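Colleague: Got a file for you: work_31.csv, CSV, C-alpha atoms.
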```csv
chain,number,residue,atom,x,y,z
Z,1,MET,CA,122.2,180.9,143.8
Z,2,THR,CA,124.2,179.5,146.7
Z,3,GLU,CA,125.3,175.8,146.7
Z,4,ALA,CA,123.1,175.3,149.8
Z,5,GLY,CA,120.1,176.8,148.0
Z,6,GLN,CA,120.6,174.4,145.1
Z,7,LYS,CA,120.6,171.2,147.2
Z,8,LYS,CA,117.3,169.4,147.1
Z,9,GLN,CA,115.7,168.0,150.1
Z,10,THR,CA,114.9,164.3,149.6
Z,11,GLN,CA,113.0,161.6,151.3
Z,12,SER,CA,113.0,157.8,150.7
Z,13,ASN,CA,109.9,156.2,149.3
Z,14,GLY,CA,110.9,153.0,151.1
Z,15,LYS,CA,111.8,151.2,147.9
Z,16,GLY,CA,115.5,150.4,148.1
Z,17,GLY,CA,116.6,153.9,148.9
Z,18,ASP,CA,115.0,155.5,145.8
Z,19,GLU,CA,115.0,159.2,146.6
Z,20,ARG,CA,112.2,161.6,145.8
Z,21,PRO,CA,112.0,165.3,146.4
Z,22,ALA,CA,110.4,166.2,149.7
Z,23,PRO,CA,107.7,168.9,149.9
Z,24,ILE,CA,109.3,172.3,150.2
Z,25,PRO,CA,109.2,173.9,153.7
Z,26,GLU,CA,106.0,175.8,154.7
Z,27,ARG,CA,107.9,179.0,154.8
Z,28,CYS,CA,108.7,178.6,151.1
Z,29,LEU,CA,105.1,178.0,150.3
Z,30,ASP,CA,104.2,181.1,152.3
Z,31,GLN,CA,106.7,183.2,150.2
Z,32,ILE,CA,105.5,181.9,146.9
Z,33,PHE,CA,101.8,181.5,147.5
Z,34,HIS,CA,100.2,181.8,151.0
Z,35,GLU,CA,101.6,185.3,151.9
Z,36,ALA,CA,102.5,186.5,148.4
Z,37,ARG,CA,100.5,189.4,147.1
Z,38,THR,CA,100.0,191.5,144.0
Z,39,HIS,CA,101.8,194.8,144.7
Z,40,ASN,CA,100.8,198.3,143.6
Z,41,LYS,CA,103.4,200.4,145.5
Z,42,TRP,CA,107.1,199.8,145.5
Z,43,LEU,CA,110.1,200.6,147.7
Z,44,ASP,CA,112.9,202.6,146.2
Z,45,ARG,CA,115.2,199.6,145.9
Z,46,ASP,CA,117.0,198.5,142.7
Z,47,ILE,CA,117.0,195.0,141.1
Z,48,PRO,CA,120.5,194.1,140.0
Z,49,ASP,CA,120.7,192.9,136.4
Z,50,ALA,CA,122.2,189.6,137.8
Z,51,THR,CA,118.9,188.9,139.6
Z,52,LEU,CA,117.0,189.3,136.3
Z,53,HIS,CA,119.5,186.8,134.7
Z,54,ASP,CA,118.8,184.4,137.6
Z,55,LEU,CA,115.1,184.9,137.1
Z,56,VAL,CA,115.2,183.9,133.4
Z,57,ASP,CA,117.5,181.0,134.2
Z,58,LEU,CA,114.8,179.7,136.6
Z,59,LEU,CA,111.6,180.3,134.6
Z,60,LYS,CA,113.0,178.8,131.4
Z,61,LEU,CA,113.1,175.4,133.1
Z,62,GLY,CA,109.3,175.2,133.4
Z,63,PRO,CA,107.7,172.8,130.8
Z,64,THR,CA,106.2,174.0,127.5
Z,65,SER,CA,104.8,172.1,124.6
Z,66,ALA,CA,107.6,170.4,122.7
Z,67,ASN,CA,110.0,172.7,124.7
Z,68,SER,CA,108.7,175.4,122.4
Z,69,SER,CA,109.6,178.2,124.8
Z,70,PRO,CA,107.8,181.0,122.9
Z,71,ALA,CA,107.9,183.6,125.6
Z,72,ARG,CA,110.1,186.7,125.1
Z,73,PHE,CA,110.8,189.1,128.0
Z,74,PHE,CA,111.7,192.7,127.9
Z,75,PHE,CA,112.7,194.1,131.3
Z,76,VAL,CA,111.9,197.8,131.2
Z,77,LYS,CA,114.3,199.2,133.8
Z,78,SER,CA,115.9,202.4,132.5
Z,79,ARG,CA,114.2,205.8,132.8
Z,80,GLU,CA,114.3,206.1,129.0
Z,81,ALA,CA,112.6,202.7,128.5
Z,82,LYS,CA,109.9,203.5,131.1
Z,83,GLU,CA,109.1,206.7,129.3
Z,84,ARG,CA,108.6,204.8,126.1
Z,85,LEU,CA,106.2,202.4,127.9
Z,86,LYS,CA,104.3,205.1,129.8
Z,87,PRO,CA,102.0,206.3,127.1
Z,88,HIS,CA,100.8,202.8,126.4
Z,89,LEU,CA,99.6,202.2,130.0
Z,90,SER,CA,96.1,202.7,131.1
Z,91,GLU,CA,95.6,205.6,133.5
Z,92,GLY,CA,95.2,203.3,136.5
Z,93,ASN,CA,98.4,201.4,135.8
Z,94,ARG,CA,100.6,204.3,134.9
Z,95,ASP,CA,101.9,205.7,138.2
Z,96,LYS,CA,102.5,202.3,139.9
Z,97,THR,CA,104.3,201.0,136.8
Z,98,MET,CA,106.6,204.0,136.6
Z,99,GLN,CA,107.4,203.6,140.3
Z,100,ALA,CA,108.4,199.9,140.1
Z,101,PRO,CA,112.1,199.2,139.6
Z,102,VAL,CA,111.4,197.0,136.6
Z,103,CYS,CA,108.4,196.2,134.5
Z,104,ALA,CA,108.6,193.0,132.5
Z,105,ILE,CA,106.8,192.9,129.1
Z,106,ILE,CA,105.8,189.2,128.6
Z,107,GLY,CA,105.5,188.5,124.9
Z,108,TYR,CA,105.1,185.4,122.7
Z,109,ASP,CA,107.0,184.7,119.5
Z,110,LEU,CA,104.9,183.6,116.6
Z,111,ASP,CA,108.1,182.4,114.9
Z,112,PHE,CA,108.9,180.1,117.9
Z,113,HIS,CA,108.8,177.0,115.6
Z,114,GLU,CA,111.8,178.2,113.7
Z,115,HIS,CA,113.8,177.4,116.8
Z,116,LEU,CA,112.5,173.9,117.3
Z,117,PRO,CA,115.4,172.1,115.6
Z,118,LYS,CA,117.5,173.5,118.4
Z,119,LEU,CA,115.0,173.1,121.3
Z,120,PHE,CA,113.4,169.8,120.3
Z,121,PRO,CA,116.1,168.1,118.2
Z,122,HIS,CA,114.9,164.5,118.5
Z,123,ALA,CA,111.9,165.1,116.2
Z,124,ASN,CA,111.0,167.2,113.2
Z,125,ALA,CA,108.7,169.4,115.4
Z,126,LYS,CA,109.0,172.4,113.1
Z,127,SER,CA,107.0,170.6,110.5
Z,128,TRP,CA,104.1,170.3,112.9
Z,129,PHE,CA,103.5,174.0,112.8
Z,130,GLU,CA,104.6,175.2,109.3
Z,131,GLY,CA,101.7,176.6,107.3
Z,132,ASN,CA,99.2,176.3,110.3
Z,133,ASP,CA,98.8,179.8,111.6
Z,134,ALA,CA,96.0,178.8,114.0
Z,135,LYS,CA,98.1,176.2,115.6
Z,136,ILE,CA,101.1,178.5,115.8
Z,137,PHE,CA,99.1,181.2,117.5
Z,138,GLU,CA,97.4,178.8,119.9
Z,139,THR,CA,100.7,177.2,120.9
Z,140,ALA,CA,102.6,180.5,121.2
Z,141,PHE,CA,99.9,182.3,123.2
Z,142,ARG,CA,99.2,179.4,125.6
Z,143,ASN,CA,102.8,178.5,126.3
Z,144,GLY,CA,104.1,182.1,126.4
Z,145,THR,CA,101.4,182.9,129.0
Z,146,LEU,CA,102.4,179.8,130.9
Z,147,GLN,CA,106.0,181.0,130.9
Z,148,GLY,CA,104.8,184.4,132.2
Z,149,ALA,CA,103.3,182.5,135.2
Z,150,TYR,CA,106.6,180.8,135.7
Z,151,LEU,CA,108.1,184.3,135.8
Z,152,ILE,CA,105.8,185.2,138.7
Z,153,ILE,CA,106.6,182.1,140.7
Z,154,ALA,CA,110.4,182.3,140.0
Z,155,ALA,CA,110.4,186.0,141.0
Z,156,ARG,CA,108.7,185.3,144.3
Z,157,ALA,CA,111.1,182.4,144.9
Z,158,LEU,CA,114.1,184.8,144.4
Z,159,GLY,CA,112.6,187.2,147.0
Z,160,LEU,CA,111.0,189.7,144.6
Z,161,ASP,CA,107.4,190.9,144.7
Z,162,THR,CA,105.3,191.0,141.6
Z,163,GLY,CA,102.5,193.1,140.1
Z,164,PRO,CA,101.1,191.3,137.0
Z,165,MET,CA,98.6,193.3,135.0
Z,166,SER,CA,96.8,193.9,131.7
Z,167,GLY,CA,95.4,197.4,131.1
Z,168,PHE,CA,97.8,198.6,128.3
Z,169,ASP,CA,97.8,199.2,124.6
Z,170,ASN,CA,99.1,195.9,123.2
Z,171,ALA,CA,99.5,197.3,119.7
Z,172,GLY,CA,101.4,200.3,120.9
Z,173,VAL,CA,103.8,198.1,123.0
Z,174,ASP,CA,104.3,195.8,120.1
Z,175,ARG,CA,105.1,198.7,117.8
Z,176,ASP,CA,107.6,200.4,120.2
Z,177,PHE,CA,109.3,197.3,121.7
Z,178,PHE,CA,108.9,194.4,119.3
Z,179,ALA,CA,109.3,196.2,116.0
Z,180,GLY,CA,110.9,194.1,113.3
Z,181,THR,CA,109.9,190.8,115.1
Z,182,ASN,CA,106.9,188.5,115.1
Z,183,VAL,CA,106.6,188.9,118.9
Z,184,LYS,CA,103.3,190.0,120.4
Z,185,SER,CA,102.8,191.3,123.9
Z,186,SER,CA,100.6,189.3,126.3
Z,187,PHE,CA,100.7,191.0,129.7
Z,188,LEU,CA,103.0,193.1,132.0
Z,189,CYS,CA,104.4,192.3,135.4
Z,190,SER,CA,106.0,194.9,137.6
Z,191,LEU,CA,109.0,193.5,139.7
Z,192,GLY,CA,110.6,194.9,142.8
Z,193,TYR,CA,110.2,195.0,146.5
Z,194,GLY,CA,106.6,195.9,147.4
Z,195,ASP,CA,105.4,198.3,150.1
Z,196,ALA,CA,103.2,195.9,152.2
Z,197,SER,CA,101.8,198.8,154.3
Z,198,VAL,CA,99.4,199.8,151.5
Z,199,LEU,CA,98.1,196.3,150.5
Z,200,PHE,CA,94.4,195.8,150.2
Z,201,PRO,CA,92.9,192.8,152.1
Z,202,ARG,CA,93.3,189.6,150.1
Z,203,SER,CA,90.3,189.0,147.8
Z,204,PRO,CA,88.2,185.8,148.4
Z,205,ARG,CA,89.2,182.6,146.6
Z,206,PHE,CA,87.0,179.6,145.7
Z,207,GLY,CA,86.9,176.6,147.9
Z,208,PHE,CA,88.0,173.3,146.5
Z,209,ASP,CA,84.5,172.1,145.6
Z,210,GLU,CA,83.8,175.3,143.7
Z,211,MET,CA,86.7,174.9,141.3
Z,212,ALA,CA,87.8,171.3,141.3
Z,213,ARG,CA,86.7,167.7,141.1
Z,214,ILE,CA,88.4,164.5,141.7
Z,215,ILE,CA,87.0,161.9,139.3
```
Reformat the file's structure so that it appears as structure tokens.
Modeller:
Amino acid sequence: MTEAGQKKQTQSNGKGGDERPAPIPERCLDQIFHEARTHNKWLDRDIPDATLHDLVDLLKLGPTSANSSPARFFFVKSREAKERLKPHLSEGNRDKTMQAPVCAIIGYDLDFHEHLPKLFPHANAKSWFEGNDAKIFETAFRNGTLQGAYLIIAARALGLDTGPMSGFDNAGVDRDFFAGTNVKSSFLCSLGYGDASVLFPRSPRFGFDEMARII
């Protein structure tokens, strides 16, 4: 990222010059939310490995329970890796996934608590999970999926388009990509530069009162 891109806009809250981040510009909200879409067709344009490193460096900063960071990401980019993934995809997802420059497999590590002495060193957080398989699964699945959402937002912020999806054989993906680990697949997300000319109209969304309350 450029130095200019890393500088935060700030505004005073009127209390002795205490600075607070300003809302990001509307054009940024457009890029991440208002105009961002789920893409199914992709331009023939590569994603440099350095961009994938930038992507992970951004998404890993999002919060997780006890900084547990259970998500694990496989970026399926090579032709060989795509061919390994192909038979595990549902028919409706196969062609568009093969066309995308990269398909991220978002997984969650059921051994995440083994890393808590490093990630959460100020408490014995590992002991909170040892021997409690239900709590391990709940925490890994919830927070790993949350980190997958951070991936989508971070990718859009970096100028990439995304195509998140289910519709695949989880057991097959786990067997072929996560063998020898305790990582389980959650969902897939194609990454690249989408062809906006073939987008469907945006589907309806709920209004505020249909999905939210202020109490």
Colleague: One decimal, in Å: what's the spacing between CA of Pro164 in chain Z and CA of Glu114 in chain Z?
Modeller: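 Those two atoms sit 28.8 Å apart.
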Colleague: Between CA of Ala157 in chain Z and CA of Pro201 in chain Z, what is the distance in Å, rounded to a tenth?
Modeller: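 Here the two named atoms are 22.2 Å from each other.
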Colleague: For the point (107.0, 192.4, 128.1) in the file's frame, write as a list in words all residues with an atom no more than 7 Å away, counting only C-alpha atoms.
Modeller: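 Those residues lying close to the given coordinates are Phe73, Phe74, Phe75, Ala104, Ile105, Ile106, Gly107, Ser185, Phe187 and Leu188 of chain Z.
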Colleague: Quick one: of Z:Leu160, Z:Val173, Z:Ala149, Z:Met98, who's nearest to Leu191 in chain Z, counting only C-alpha atoms?
Modeller: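 Looking at the shortest contact to Leu191 in chain Z, the residue is Z:Leu160.
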Colleague: Name the closest residue to Ile32 in chain Z among the candidates Z:Gly159, Z:Gly62, Z:Gly131, Z:Pro48; distances are taken between atoms, counting only C-alpha atoms.
Modeller: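 Of the candidates, the smallest distance to Ile32 in chain Z is held by Z:Gly159.
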Colleague: Report, in Å to a single decimal, how far apart CA of Asp176 in chain Z and CA of Pro70 in chain Z are.
Modeller: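 Interatomic distance, CA of Pro70 in chain Z to CA of Asp176 in chain Z: 19.6 Å.
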Colleague: Do a neighbour search on Gln31 in chain Z at 12 Å with all atoms listed in the file, toss out local chain neighbours closer than 3 positions, and write the hits as a PyMOL selection string.
Modeller: chain Z and resi 24-28+34-37+152-162
Colleague: Near range 118-123 of chain Z, within 7 Å and counting all atoms listed in the file, which residues show up once chain neighbours fewer than 5 positions away are dropped, as a short mmCIF file (atom, residue, chain, number, x, y, z; two decimals) with C-alpha atoms, keeping the file's coordinate frame?
Modeller:
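Printed below is out-v7.cif as written:
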```
data_model
loop_
_atom_site.label_atom_id
_atom_site.label_comp_id
_atom_site.auth_asym_id
_atom_site.auth_seq_id
_atom_site.Cartn_x
_atom_site.Cartn_y
_atom_site.Cartn_z
CA ALA Z 66 107.60 170.40 122.70
CA ASN Z 67 110.00 172.70 124.70
CA SER Z 68 108.70 175.40 122.40
#
```
Colleague: Rank nothing, just name the residue among Z:Val76, Z:Ala179, Z:Ala81, Z:Ala140 nearest to Asp111 in chain Z, using all atoms listed in the file.
Modeller: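 Counting all atoms listed in the file, the residue closest to Asp111 in chain Z is Z:Ala140.
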Colleague: (100.7, 180.7, 126.0) in this file's frame - what residues fall within 12 Å of it? Use all atoms listed in the file and give the answer as a PyMOL selection string.
Modeller: chain Z and resi 63-65+68-72+106-110+112+135-150+184-187
Colleague: From the options Z:Trp128, Z:Phe200, Z:Phe206, Z:Tyr193, which residue's atoms come nearest to Gly163 in chain Z, counting only C-alpha atoms?
Modeller: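 Smallest distance to Gly163 in chain Z is found for Z:Tyr193.
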Colleague: Considering all atoms listed in the file, state which residue in the set Z:Ala100, Z:Ile215, Z:Cys189, Z:Glu210 is at the smallest distance from Asp44 in chain Z.
Modeller: Z:Ala100
Colleague: For all heavy atoms, please extract range 133-149 of chain Z from the block and return it as a JSON list (two decimals), in the first residue's frame.
Modeller:
```json
[["chain", "number", "residue", "atom", "x", "y", "z"],
["Z", 133, "ASP", "N", -14.90, -30.01, 22.90],
["Z", 133, "ASP", "CA", -15.00, -30.05, 21.45],
["Z", 133, "ASP", "C", -16.10, -29.16, 20.90],
["Z", 133, "ASP", "O", -15.96, -28.56, 19.83],
["Z", 133, "ASP", "CB", -15.24, -31.49, 20.98],
["Z", 133, "ASP", "CG", -14.01, -32.38, 21.18],
["Z", 133, "ASP", "OD1", -12.91, -31.83, 21.42],
["Z", 133, "ASP", "OD2", -14.15, -33.62, 21.09],
["Z", 134, "ALA", "N", -17.22, -29.08, 21.64],
["Z", 134, "ALA", "CA", -18.33, -28.25, 21.16],
["Z", 134, "ALA", "C", -17.92, -26.78, 21.12],
["Z", 134, "ALA", "O", -18.22, -26.06, 20.15],
["Z", 134, "ALA", "CB", -19.55, -28.44, 22.05],
["Z", 135, "LYS", "N", -17.22, -26.32, 22.16],
["Z", 135, "LYS", "CA", -16.78, -24.93, 22.20],
["Z", 135, "LYS", "C", -15.72, -24.66, 21.14],
["Z", 135, "LYS", "O", -15.69, -23.58, 20.53],
["Z", 135, "LYS", "CB", -16.25, -24.59, 23.59],
["Z", 135, "LYS", "CG", -15.92, -23.12, 23.78],
["Z", 135, "LYS", "CD", -15.57, -22.81, 25.23],
["Z", 135, "LYS", "CE", -15.31, -21.32, 25.43],
["Z", 135, "LYS", "NZ", -14.99, -21.02, 26.85],
["Z", 136, "ILE", "N", -14.84, -25.63, 20.93],
["Z", 136, "ILE", "CA", -13.81, -25.49, 19.88],
["Z", 136, "ILE", "C", -14.47, -25.32, 18.53],
["Z", 136, "ILE", "O", -14.13, -24.40, 17.76],
["Z", 136, "ILE", "CB", -12.87, -26.71, 19.89],
["Z", 136, "ILE", "CG1", -11.96, -26.66, 21.12],
["Z", 136, "ILE", "CG2", -12.04, -26.77, 18.60],
["Z", 136, "ILE", "CD1", -11.16, -27.92, 21.33],
["Z", 137, "PHE", "N", -15.43, -26.19, 18.20],
["Z", 137, "PHE", "CA", -16.09, -26.10, 16.90],
["Z", 137, "PHE", "C", -16.84, -24.78, 16.77],
["Z", 137, "PHE", "O", -16.72, -24.10, 15.74],
["Z", 137, "PHE", "CB", -17.06, -27.26, 16.69],
["Z", 137, "PHE", "CG", -17.93, -27.07, 15.48],
["Z", 137, "PHE", "CD1", -17.42, -27.31, 14.20],
["Z", 137, "PHE", "CD2", -19.24, -26.61, 15.60],
["Z", 137, "PHE", "CE1", -18.21, -27.10, 13.08],
["Z", 137, "PHE", "CE2", -20.03, -26.41, 14.48],
["Z", 137, "PHE", "CZ", -19.51, -26.66, 13.22],
["Z", 138, "GLU", "N", -17.61, -24.42, 17.77],
["Z", 138, "GLU", "CA", -18.41, -23.20, 17.71],
["Z", 138, "GLU", "C", -17.53, -21.98, 17.48],
["Z", 138, "GLU", "O", -17.83, -21.12, 16.64],
["Z", 138, "GLU", "CB", -19.20, -23.05, 19.01],
["Z", 138, "GLU", "CG", -20.06, -21.82, 19.09],
["Z", 138, "GLU", "CD", -20.74, -21.70, 20.44],
["Z", 138, "GLU", "OE1", -21.81, -22.30, 20.63],
["Z", 138, "GLU", "OE2", -20.17, -21.03, 21.32],
["Z", 139, "THR", "N", -16.43, -21.90, 18.21],
["Z", 139, "THR", "CA", -15.53, -20.75, 18.10],
["Z", 139, "THR", "C", -14.81, -20.75, 16.76],
["Z", 139, "THR", "O", -14.68, -19.70, 16.11],
["Z", 139, "THR", "CB", -14.51, -20.76, 19.25],
["Z", 139, "THR", "OG1", -15.22, -20.75, 20.49],
["Z", 139, "THR", "CG2", -13.60, -19.55, 19.18],
["Z", 140, "ALA", "N", -14.33, -21.91, 16.33],
["Z", 140, "ALA", "CA", -13.60, -21.99, 15.06],
["Z", 140, "ALA", "C", -14.50, -21.67, 13.89],
["Z", 140, "ALA", "O", -14.13, -20.90, 12.99],
["Z", 140, "ALA", "CB", -12.99, -23.38, 14.90],
["Z", 141, "PHE", "N", -15.70, -22.25, 13.88],
["Z", 141, "PHE", "CA", -16.60, -22.03, 12.75],
["Z", 141, "PHE", "C", -17.08, -20.59, 12.68],
["Z", 141, "PHE", "O", -17.06, -19.97, 11.61],
["Z", 141, "PHE", "CB", -17.80, -22.98, 12.84],
["Z", 141, "PHE", "CG", -18.75, -22.86, 11.68],
["Z", 141, "PHE", "CD1", -18.41, -23.35, 10.44],
["Z", 141, "PHE", "CD2", -19.98, -22.23, 11.84],
["Z", 141, "PHE", "CE1", -19.27, -23.23, 9.36],
["Z", 141, "PHE", "CE2", -20.86, -22.11, 10.78],
["Z", 141, "PHE", "CZ", -20.50, -22.62, 9.53],
["Z", 142, "ARG", "N", -17.50, -20.03, 13.82],
["Z", 142, "ARG", "CA", -18.00, -18.66, 13.81],
["Z", 142, "ARG", "C", -16.92, -17.67, 13.40],
["Z", 142, "ARG", "O", -17.11, -16.82, 12.52],
["Z", 142, "ARG", "CB", -18.54, -18.27, 15.19],
["Z", 142, "ARG", "CG", -19.05, -16.82, 15.24],
["Z", 142, "ARG", "CD", -19.29, -16.33, 16.65],
["Z", 142, "ARG", "NE", -20.25, -17.14, 17.36],
["Z", 142, "ARG", "CZ", -19.98, -17.81, 18.48],
["Z", 142, "ARG", "NH1", -18.76, -17.78, 18.98],
["Z", 142, "ARG", "NH2", -20.91, -18.52, 19.07],
["Z", 143, "ASN", "N", -15.77, -17.77, 14.04],
["Z", 143, "ASN", "CA", -14.72, -16.79, 13.79],
["Z", 143, "ASN", "C", -14.01, -17.01, 12.47],
["Z", 143, "ASN", "O", -13.57, -16.05, 11.82],
["Z", 143, "ASN", "CB", -13.73, -16.78, 14.95],
["Z", 143, "ASN", "CG", -14.32, -16.16, 16.20],
["Z", 143, "ASN", "OD1", -14.31, -14.96, 16.37],
["Z", 143, "ASN", "ND2", -14.86, -16.99, 17.08],
["Z", 144, "GLY", "N", -13.92, -18.27, 12.03],
["Z", 144, "GLY", "CA", -13.36, -18.52, 10.71],
["Z", 144, "GLY", "C", -14.24, -17.96, 9.61],
["Z", 144, "GLY", "O", -13.76, -17.39, 8.62],
["Z", 145, "THR", "N", -15.56, -18.11, 9.78],
["Z", 145, "THR", "CA", -16.49, -17.53, 8.80],
["Z", 145, "THR", "C", -16.42, -16.01, 8.83],
["Z", 145, "THR", "O", -16.47, -15.35, 7.79],
["Z", 145, "THR", "CB", -17.92, -18.02, 9.10],
["Z", 145, "THR", "OG1", -17.95, -19.45, 9.09],
["Z", 145, "THR", "CG2", -18.90, -17.51, 8.05],
["Z", 146, "LEU", "N", -16.30, -15.45, 10.03],
["Z", 146, "LEU", "CA", -16.15, -14.00, 10.16],
["Z", 146, "LEU", "C", -14.92, -13.52, 9.41],
["Z", 146, "LEU", "O", -14.96, -12.51, 8.68],
["Z", 146, "LEU", "CB", -16.05, -13.64, 11.64],
["Z", 146, "LEU", "CG", -15.90, -12.17, 12.02],
["Z", 146, "LEU", "CD1", -17.12, -11.37, 11.56],
["Z", 146, "LEU", "CD2", -15.72, -12.03, 13.52],
["Z", 147, "GLN", "N", -13.82, -14.25, 9.52],
["Z", 147, "GLN", "CA", -12.62, -13.86, 8.79],
["Z", 147, "GLN", "C", -12.79, -14.00, 7.28],
["Z", 147, "GLN", "O", -12.18, -13.27, 6.51],
["Z", 147, "GLN", "CB", -11.43, -14.67, 9.29],
["Z", 147, "GLN", "CG", -10.99, -14.27, 10.70],
["Z", 147, "GLN", "CD", -9.70, -14.95, 11.10],
["Z", 147, "GLN", "OE1", -9.70, -16.14, 11.44],
["Z", 147, "GLN", "NE2", -8.60, -14.22, 11.07],
["Z", 148, "GLY", "N", -13.65, -14.95, 6.87],
["Z", 148, "GLY", "CA", -13.98, -15.04, 5.46],
["Z", 148, "GLY", "C", -14.71, -13.80, 4.97],
["Z", 148, "GLY", "O", -14.50, -13.34, 3.84],
["Z", 149, "ALA", "N", -15.57, -13.24, 5.82],
["Z", 149, "ALA", "CA", -16.23, -11.98, 5.47],
["Z", 149, "ALA", "C", -15.23, -10.84, 5.40],
["Z", 149, "ALA", "O", -15.33, -9.96, 4.52],
["Z", 149, "ALA", "CB", -17.33, -11.67, 6.48]]
```
